[in-house]
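Okay, coords.cif now, which holds mmCIF, N, CA and C atoms:
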```
data_my_file
#
loop_
_atom_site.label_atom_id
_atom_site.label_comp_id
_atom_site.auth_asym_id
_atom_site.auth_seq_id
_atom_site.Cartn_x
_atom_site.Cartn_y
_atom_site.Cartn_z
N MET A 43 78.83 122.83 87.19
CA MET A 43 78.50 121.41 87.22
C MET A 43 79.79 120.58 87.14
N THR A 44 79.75 119.44 87.77
CA THR A 44 80.92 118.56 87.77
C THR A 44 80.87 117.59 86.59
N ASP A 45 82.01 116.94 86.34
CA ASP A 45 82.06 115.94 85.28
C ASP A 45 81.03 114.84 85.52
N MET A 46 80.82 114.48 86.78
CA MET A 46 79.89 113.41 87.11
C MET A 46 78.48 113.75 86.66
N GLU A 47 78.16 115.03 86.58
CA GLU A 47 76.83 115.44 86.13
C GLU A 47 76.75 115.49 84.61
N HIS A 48 77.89 115.32 83.94
CA HIS A 48 77.95 115.34 82.48
C HIS A 48 78.56 114.05 81.95
N LYS A 49 78.02 112.94 82.39
CA LYS A 49 78.53 111.66 81.89
C LYS A 49 78.31 111.61 80.38
N PRO A 50 79.20 110.90 79.68
CA PRO A 50 79.12 110.83 78.22
C PRO A 50 77.85 110.12 77.72
N ASN A 51 77.50 110.41 76.48
CA ASN A 51 76.40 109.69 75.86
C ASN A 51 76.63 108.19 75.98
N GLY A 52 75.58 107.48 76.27
CA GLY A 52 75.68 106.03 76.39
C GLY A 52 76.22 105.54 77.71
N TRP A 53 76.34 106.43 78.69
CA TRP A 53 76.91 106.06 79.99
C TRP A 53 76.14 104.91 80.64
N ASN A 54 74.85 104.81 80.32
CA ASN A 54 74.03 103.79 80.97
C ASN A 54 73.92 102.49 80.16
N LEU A 55 74.61 102.39 79.03
CA LEU A 55 74.63 101.15 78.27
C LEU A 55 75.42 100.09 79.03
N LEU A 56 75.12 98.85 78.76
CA LEU A 56 75.76 97.74 79.46
C LEU A 56 77.29 97.81 79.39
N THR A 57 77.83 98.16 78.21
CA THR A 57 79.29 98.22 78.05
C THR A 57 79.94 99.36 78.83
N ASN A 58 79.13 100.32 79.29
CA ASN A 58 79.66 101.48 79.98
C ASN A 58 79.28 101.55 81.45
N GLN A 59 78.71 100.49 81.99
CA GLN A 59 78.30 100.49 83.39
C GLN A 59 79.52 100.58 84.31
N MET A 60 79.49 101.56 85.20
CA MET A 60 80.56 101.73 86.18
C MET A 60 79.96 102.21 87.49
N THR A 61 80.66 101.93 88.57
CA THR A 61 80.27 102.46 89.87
C THR A 61 80.62 103.95 89.90
N GLU A 62 80.10 104.65 90.88
CA GLU A 62 80.44 106.08 91.00
C GLU A 62 81.93 106.27 91.20
N GLU A 63 82.57 105.37 91.91
CA GLU A 63 84.02 105.46 92.12
C GLU A 63 84.76 105.26 90.79
N GLN A 64 84.29 104.33 89.98
CA GLN A 64 84.90 104.11 88.67
C GLN A 64 84.70 105.31 87.76
N TRP A 65 83.53 105.96 87.85
CA TRP A 65 83.30 107.17 87.07
C TRP A 65 84.26 108.27 87.50
N LYS A 66 84.48 108.41 88.79
CA LYS A 66 85.43 109.42 89.28
C LYS A 66 86.81 109.15 88.70
N ASP A 67 87.22 107.88 88.71
CA ASP A 67 88.51 107.49 88.15
C ASP A 67 88.55 107.79 86.66
N TYR A 68 87.47 107.48 85.95
CA TYR A 68 87.41 107.74 84.51
C TYR A 68 87.64 109.23 84.22
N PHE A 69 86.96 110.10 84.96
CA PHE A 69 87.10 111.54 84.71
C PHE A 69 88.47 112.06 85.13
N GLU A 70 89.07 111.46 86.14
CA GLU A 70 90.45 111.82 86.49
C GLU A 70 91.39 111.42 85.35
N CYS A 71 91.14 110.27 84.75
CA CYS A 71 91.95 109.83 83.61
C CYS A 71 91.78 110.78 82.42
N ARG A 72 90.58 111.29 82.21
CA ARG A 72 90.37 112.25 81.12
C ARG A 72 91.27 113.47 81.33
N LYS A 73 91.34 113.95 82.57
CA LYS A 73 92.18 115.12 82.86
C LYS A 73 93.67 114.78 82.67
N LYS A 74 94.04 113.56 83.02
CA LYS A 74 95.44 113.14 82.98
C LYS A 74 95.92 112.81 81.56
N TYR A 75 95.10 112.11 80.79
CA TYR A 75 95.56 111.57 79.51
C TYR A 75 95.16 112.37 78.28
N ASP A 76 94.11 113.15 78.33
CA ASP A 76 93.64 113.86 77.14
C ASP A 76 94.45 115.13 76.93
N ILE A 77 95.62 114.94 76.36
CA ILE A 77 96.57 116.03 76.15
C ILE A 77 96.71 116.28 74.65
N LYS A 78 96.46 117.50 74.26
CA LYS A 78 96.62 117.89 72.86
C LYS A 78 98.12 117.90 72.56
N LEU A 79 98.52 117.18 71.52
CA LEU A 79 99.92 117.08 71.15
C LEU A 79 100.15 117.62 69.74
N SER A 80 101.32 118.16 69.54
CA SER A 80 101.71 118.62 68.20
C SER A 80 102.09 117.40 67.36
N ASP A 81 102.17 117.60 66.06
CA ASP A 81 102.60 116.52 65.17
C ASP A 81 103.99 116.03 65.55
N GLU A 82 104.85 116.95 65.93
CA GLU A 82 106.22 116.59 66.32
C GLU A 82 106.22 115.74 67.59
N GLU A 83 105.40 116.09 68.56
CA GLU A 83 105.31 115.30 69.79
C GLU A 83 104.78 113.90 69.50
N ILE A 84 103.80 113.80 68.62
CA ILE A 84 103.26 112.48 68.24
C ILE A 84 104.34 111.66 67.55
N LYS A 85 105.07 112.30 66.65
CA LYS A 85 106.16 111.62 65.95
C LYS A 85 107.20 111.09 66.94
N ASP A 86 107.54 111.90 67.94
CA ASP A 86 108.51 111.49 68.95
C ASP A 86 108.01 110.28 69.74
N ILE A 87 106.75 110.28 70.10
CA ILE A 87 106.18 109.15 70.84
C ILE A 87 106.22 107.89 69.99
N LEU A 88 105.80 108.01 68.73
CA LEU A 88 105.79 106.85 67.84
C LEU A 88 107.20 106.31 67.60
N THR A 89 108.17 107.20 67.51
CA THR A 89 109.56 106.77 67.36
C THR A 89 110.01 106.02 68.61
N LYS A 90 109.62 106.50 69.77
CA LYS A 90 109.99 105.85 71.03
C LYS A 90 109.39 104.45 71.13
N THR A 91 108.19 104.26 70.59
CA THR A 91 107.56 102.93 70.66
C THR A 91 108.43 101.88 69.97
N LEU A 92 109.17 102.29 68.94
CA LEU A 92 110.00 101.34 68.21
C LEU A 92 111.08 100.72 69.09
N GLU A 93 111.48 101.41 70.14
CA GLU A 93 112.46 100.87 71.08
C GLU A 93 111.90 99.66 71.83
N PHE A 94 110.58 99.56 71.87
CA PHE A 94 109.93 98.51 72.66
C PHE A 94 109.10 97.56 71.79
N ILE A 95 109.51 97.40 70.56
CA ILE A 95 108.78 96.57 69.62
C ILE A 95 108.68 95.11 70.12
N ASP A 96 109.65 94.68 70.91
CA ASP A 96 109.64 93.32 71.45
C ASP A 96 109.06 93.23 72.86
N ASP A 97 108.63 94.34 73.40
CA ASP A 97 108.01 94.38 74.74
C ASP A 97 106.60 94.94 74.58
N GLN A 98 105.66 94.03 74.33
CA GLN A 98 104.30 94.45 73.98
C GLN A 98 103.67 95.34 75.05
N ASP A 99 103.86 95.04 76.31
CA ASP A 99 103.25 95.84 77.38
C ASP A 99 103.77 97.28 77.36
N LYS A 100 105.06 97.43 77.25
CA LYS A 100 105.67 98.77 77.22
C LYS A 100 105.28 99.49 75.94
N TYR A 101 105.26 98.78 74.82
CA TYR A 101 104.86 99.36 73.54
C TYR A 101 103.45 99.94 73.63
N VAL A 102 102.52 99.17 74.17
CA VAL A 102 101.13 99.63 74.30
C VAL A 102 101.04 100.81 75.25
N GLU A 103 101.75 100.72 76.37
CA GLU A 103 101.74 101.81 77.35
C GLU A 103 102.15 103.14 76.73
N ILE A 104 103.21 103.12 75.95
CA ILE A 104 103.70 104.35 75.32
C ILE A 104 102.78 104.80 74.20
N SER A 105 102.30 103.85 73.39
CA SER A 105 101.48 104.23 72.24
C SER A 105 100.12 104.80 72.65
N LYS A 106 99.64 104.49 73.84
CA LYS A 106 98.37 105.05 74.32
C LYS A 106 98.43 106.57 74.50
N LYS A 107 99.63 107.12 74.52
CA LYS A 107 99.78 108.57 74.66
C LYS A 107 99.43 109.31 73.38
N VAL A 108 99.48 108.61 72.25
CA VAL A 108 99.12 109.21 70.97
C VAL A 108 97.60 109.32 70.92
N PRO A 109 97.07 110.50 70.59
CA PRO A 109 95.61 110.65 70.55
C PRO A 109 94.97 109.67 69.56
N LEU A 110 93.94 108.97 70.04
CA LEU A 110 93.20 108.10 69.13
C LEU A 110 92.49 108.94 68.08
N LEU A 111 92.47 108.45 66.86
CA LEU A 111 91.72 109.13 65.82
C LEU A 111 90.24 109.04 66.17
N PRO A 112 89.48 110.09 65.90
CA PRO A 112 88.08 110.12 66.30
C PRO A 112 87.27 108.91 65.86
N GLY A 113 87.43 108.48 64.61
CA GLY A 113 86.68 107.31 64.13
C GLY A 113 87.04 106.05 64.88
N SER A 114 88.32 105.88 65.16
CA SER A 114 88.77 104.71 65.91
C SER A 114 88.24 104.74 67.34
N ALA A 115 88.25 105.91 67.93
CA ALA A 115 87.78 106.05 69.32
C ALA A 115 86.30 105.73 69.46
N ILE A 116 85.48 106.19 68.54
CA ILE A 116 84.04 105.96 68.64
C ILE A 116 83.73 104.48 68.43
N VAL A 117 84.48 103.81 67.54
CA VAL A 117 84.29 102.37 67.33
C VAL A 117 84.77 101.60 68.56
N PHE A 118 85.91 101.98 69.11
CA PHE A 118 86.44 101.34 70.32
C PHE A 118 85.41 101.44 71.43
N LYS A 119 84.82 102.61 71.60
CA LYS A 119 83.81 102.82 72.64
C LYS A 119 82.62 101.88 72.41
N ALA A 120 82.16 101.77 71.18
CA ALA A 120 80.99 100.95 70.88
C ALA A 120 81.24 99.47 71.19
N PHE A 121 82.44 99.00 70.94
CA PHE A 121 82.73 97.58 71.13
C PHE A 121 83.25 97.24 72.53
N HIS A 122 84.00 98.15 73.13
CA HIS A 122 84.66 97.82 74.39
C HIS A 122 84.19 98.64 75.59
N GLY A 123 83.54 99.76 75.36
CA GLY A 123 83.06 100.59 76.45
C GLY A 123 84.08 101.60 76.93
N LEU A 124 83.58 102.57 77.66
CA LEU A 124 84.42 103.66 78.15
C LEU A 124 85.47 103.21 79.16
N LYS A 125 85.11 102.26 80.00
CA LYS A 125 86.05 101.80 81.02
C LYS A 125 87.32 101.23 80.39
N ALA A 126 87.18 100.54 79.26
CA ALA A 126 88.33 99.93 78.60
C ALA A 126 89.26 100.95 77.96
N MET A 127 88.76 102.16 77.74
CA MET A 127 89.57 103.16 77.06
C MET A 127 89.96 104.32 77.97
N LYS A 128 89.83 104.12 79.25
CA LYS A 128 90.04 105.22 80.19
C LYS A 128 91.45 105.77 80.17
N ASP A 129 92.45 104.94 79.85
CA ASP A 129 93.83 105.43 79.90
C ASP A 129 94.43 105.69 78.51
N TYR A 130 93.56 105.97 77.55
CA TYR A 130 93.99 106.41 76.22
C TYR A 130 93.85 107.93 76.11
N ASN A 131 94.59 108.52 75.20
CA ASN A 131 94.47 109.95 74.93
C ASN A 131 93.30 110.14 73.96
N LEU A 132 92.24 110.77 74.43
CA LEU A 132 91.04 110.98 73.63
C LEU A 132 90.87 112.44 73.21
N SER A 133 91.95 113.20 73.23
CA SER A 133 91.85 114.64 72.96
C SER A 133 91.26 114.94 71.58
N LEU A 134 91.70 114.24 70.55
CA LEU A 134 91.15 114.49 69.21
C LEU A 134 89.70 114.02 69.09
N ALA A 135 89.41 112.88 69.67
CA ALA A 135 88.05 112.33 69.61
C ALA A 135 87.07 113.26 70.31
N LYS A 136 87.48 113.86 71.40
CA LYS A 136 86.61 114.76 72.14
C LYS A 136 86.30 116.03 71.34
N GLU A 137 87.20 116.42 70.45
CA GLU A 137 86.95 117.58 69.61
C GLU A 137 85.84 117.29 68.59
N VAL A 138 85.83 116.08 68.04
CA VAL A 138 84.85 115.69 67.04
C VAL A 138 83.55 115.20 67.69
N TYR A 139 83.68 114.47 68.77
CA TYR A 139 82.54 113.90 69.48
C TYR A 139 82.54 114.37 70.94
N PRO A 140 82.25 115.63 71.19
CA PRO A 140 82.39 116.18 72.54
C PRO A 140 81.47 115.55 73.60
N ASP A 141 80.38 114.95 73.19
CA ASP A 141 79.45 114.36 74.16
C ASP A 141 79.64 112.86 74.34
N GLU A 142 80.60 112.29 73.65
CA GLU A 142 80.78 110.83 73.68
C GLU A 142 81.82 110.33 74.66
N PHE A 143 82.69 111.21 75.13
CA PHE A 143 83.78 110.79 75.99
C PHE A 143 83.87 111.64 77.24
#
```
Would you mind writing the file's structure down as C-alpha cells?
Amino acid sequence: MTDMEHKPNGWNLLTNQMTEEQWKDYFECRKKYDIKLSDEEIKDILTKTLEFIDDQDKYVEISKKVPLLPGSAIVFKAFHGLKAMKDYNLSLAKEVYPDEF
C-alpha cells in the first residue's frame, strides 16, 4: 500500500484538507525531513542556529531540522494542521504517534 492509502488520523478534518497533489507533496516531505538524529547532530544544528539569531527566516529554516518533540508536534497539528508542518522533522513524533503524521 502507498502512503496515500495511509493518510494520518484526522486527514479529513478542516485543518488538514489538502488536494491529492498536496498529499503527495506532504508524503514526499515526510521522506525528506523525518530524519532520526543523534543528540550530537541535534546539538550541532542548534549551535548553527545561533549564527542566524538576527535572521529569523534562516534561523527557522535551520531549526526545523531538529525533530519536534512528540507533545509539541501533536499540539501543532491540532492547531495548525498537517500542511503547516510538512517541512518539519517529525521523526520523534512519529515514533510516539505513528498514526498521526
Exercise. If you run DSSP over the backbone, which residues in segment 46-142 of chain A end up alpha helix (DSSP H)? Put them as a PyMOL selection string.
Key: chain A and resi 62-75+81-91+98-105+112-122+133-138
Practice problem: For the file shown, report as a PyMOL selection string the outcome of the PyMOL selection byres (((chain A and resi 135 and name CA) around 8) and name CA) at residue level. | Solution: chain A and resi 109-113+115-116+132-134+136-140+143
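Nearest residue to Ile77 of chain A among A:Lys100, A:Thr57, A:Lys107, A:Phe121 is A:Lys107, counting only C-alpha atoms.
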Exercise. Just give me the gap between atom C of Arg72 of chain A and atom C of Asn54 of chain A in Å, one decimal is fine.
Key: 20.6 Å
Around all the atoms of segment 88-100 of chain A listed in the file, with 6 Å of room on each side, what axis-aligned box do you get, giving centre and edge lengths in Å to one decimal, as JSON?
```
{"center_x": 107.9, "center_y": 100.6, "center_z": 72.4, "size_x": 21.2, "size_y": 26.8, "size_z": 22.0}
```
Quiz item: By how many Å are atom CA of Trp65 of chain A and atom CA of Asn51 of chain A apart?
Solution: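 Separation between atom CA of Trp65 of chain A and atom CA of Asn51 of chain A: 13.4 Å.
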Residue IDs satisfying the PyMOL selection byres ((chain A and resi 105) around 8), as a PDB file with N, CA and C atoms, keeping the file's coordinate frame:
```pdb
ATOM      1  N   ILE A  87     106.750 110.280  70.100  1.00  0.00           N
ATOM      2  CA  ILE A  87     106.180 109.150  70.840  1.00  0.00           C
ATOM      3  C   ILE A  87     106.220 107.890  69.990  1.00  0.00           C
ATOM      4  N   LEU A  88     105.800 108.010  68.730  1.00  0.00           N
ATOM      5  CA  LEU A  88     105.790 106.850  67.840  1.00  0.00           C
ATOM      6  C   LEU A  88     107.200 106.310  67.600  1.00  0.00           C
ATOM      7  N   LYS A  90     109.620 106.500  69.770  1.00  0.00           N
ATOM      8  CA  LYS A  90     109.990 105.850  71.030  1.00  0.00           C
ATOM      9  C   LYS A  90     109.390 104.450  71.130  1.00  0.00           C
ATOM     10  N   THR A  91     108.190 104.260  70.590  1.00  0.00           N
ATOM     11  CA  THR A  91     107.560 102.930  70.660  1.00  0.00           C
ATOM     12  C   THR A  91     108.430 101.880  69.970  1.00  0.00           C
ATOM     13  N   ASP A  99     103.860  95.040  76.310  1.00  0.00           N
ATOM     14  CA  ASP A  99     103.250  95.840  77.380  1.00  0.00           C
ATOM     15  C   ASP A  99     103.770  97.280  77.360  1.00  0.00           C
ATOM     16  N   LYS A 100     105.060  97.430  77.250  1.00  0.00           N
ATOM     17  CA  LYS A 100     105.670  98.770  77.220  1.00  0.00           C
ATOM     18  C   LYS A 100     105.280  99.490  75.940  1.00  0.00           C
ATOM     19  N   TYR A 101     105.260  98.780  74.820  1.00  0.00           N
ATOM     20  CA  TYR A 101     104.860  99.360  73.540  1.00  0.00           C
ATOM     21  C   TYR A 101     103.450  99.940  73.630  1.00  0.00           C
ATOM     22  N   VAL A 102     102.520  99.170  74.170  1.00  0.00           N
ATOM     23  CA  VAL A 102     101.130  99.630  74.300  1.00  0.00           C
ATOM     24  C   VAL A 102     101.040 100.810  75.250  1.00  0.00           C
ATOM     25  N   GLU A 103     101.750 100.720  76.370  1.00  0.00           N
ATOM     26  CA  GLU A 103     101.740 101.810  77.350  1.00  0.00           C
ATOM     27  C   GLU A 103     102.150 103.140  76.730  1.00  0.00           C
ATOM     28  N   ILE A 104     103.210 103.120  75.950  1.00  0.00           N
ATOM     29  CA  ILE A 104     103.700 104.350  75.320  1.00  0.00           C
ATOM     30  C   ILE A 104     102.780 104.800  74.200  1.00  0.00           C
ATOM     31  N   LYS A 106      99.640 104.490  73.840  1.00  0.00           N
ATOM     32  CA  LYS A 106      98.370 105.050  74.320  1.00  0.00           C
ATOM     33  C   LYS A 106      98.430 106.570  74.500  1.00  0.00           C
ATOM     34  N   LYS A 107      99.630 107.120  74.520  1.00  0.00           N
ATOM     35  CA  LYS A 107      99.780 108.570  74.660  1.00  0.00           C
ATOM     36  C   LYS A 107      99.430 109.310  73.380  1.00  0.00           C
ATOM     37  N   VAL A 108      99.480 108.610  72.250  1.00  0.00           N
ATOM     38  CA  VAL A 108      99.120 109.210  70.970  1.00  0.00           C
ATOM     39  C   VAL A 108      97.600 109.320  70.920  1.00  0.00           C
ATOM     40  N   PRO A 109      97.070 110.500  70.590  1.00  0.00           N
ATOM     41  CA  PRO A 109      95.610 110.650  70.550  1.00  0.00           C
ATOM     42  C   PRO A 109      94.970 109.670  69.560  1.00  0.00           C
ATOM     43  N   LEU A 110      93.940 108.970  70.040  1.00  0.00           N
ATOM     44  CA  LEU A 110      93.200 108.100  69.130  1.00  0.00           C
ATOM     45  C   LEU A 110      92.490 108.940  68.080  1.00  0.00           C
ATOM     46  N   TYR A 130      93.560 105.970  77.550  1.00  0.00           N
ATOM     47  CA  TYR A 130      93.990 106.410  76.220  1.00  0.00           C
ATOM     48  C   TYR A 130      93.850 107.930  76.110  1.00  0.00           C
ATOM     49  N   ASN A 131      94.590 108.520  75.200  1.00  0.00           N
ATOM     50  CA  ASN A 131      94.470 109.950  74.930  1.00  0.00           C
ATOM     51  C   ASN A 131      93.300 110.140  73.960  1.00  0.00           C
TER      52      ASN A 131
END
```
Quiz prompt | Close residues, Gly123 of chain A itself excluded, 8 Å, only N, CA and C atoms, min 3 positions apart in chain, as JSON, numbers by chain | solution = {"A": [56, 57, 58, 59, 117, 118, 119, 120, 126, 127, 128]}
Exercise. For atom CA of Asp86 of chain A and atom CA of Gln98 of chain A, determine how far apart the two atoms are, in Å to one decimal place.
Key: 18.3 Å
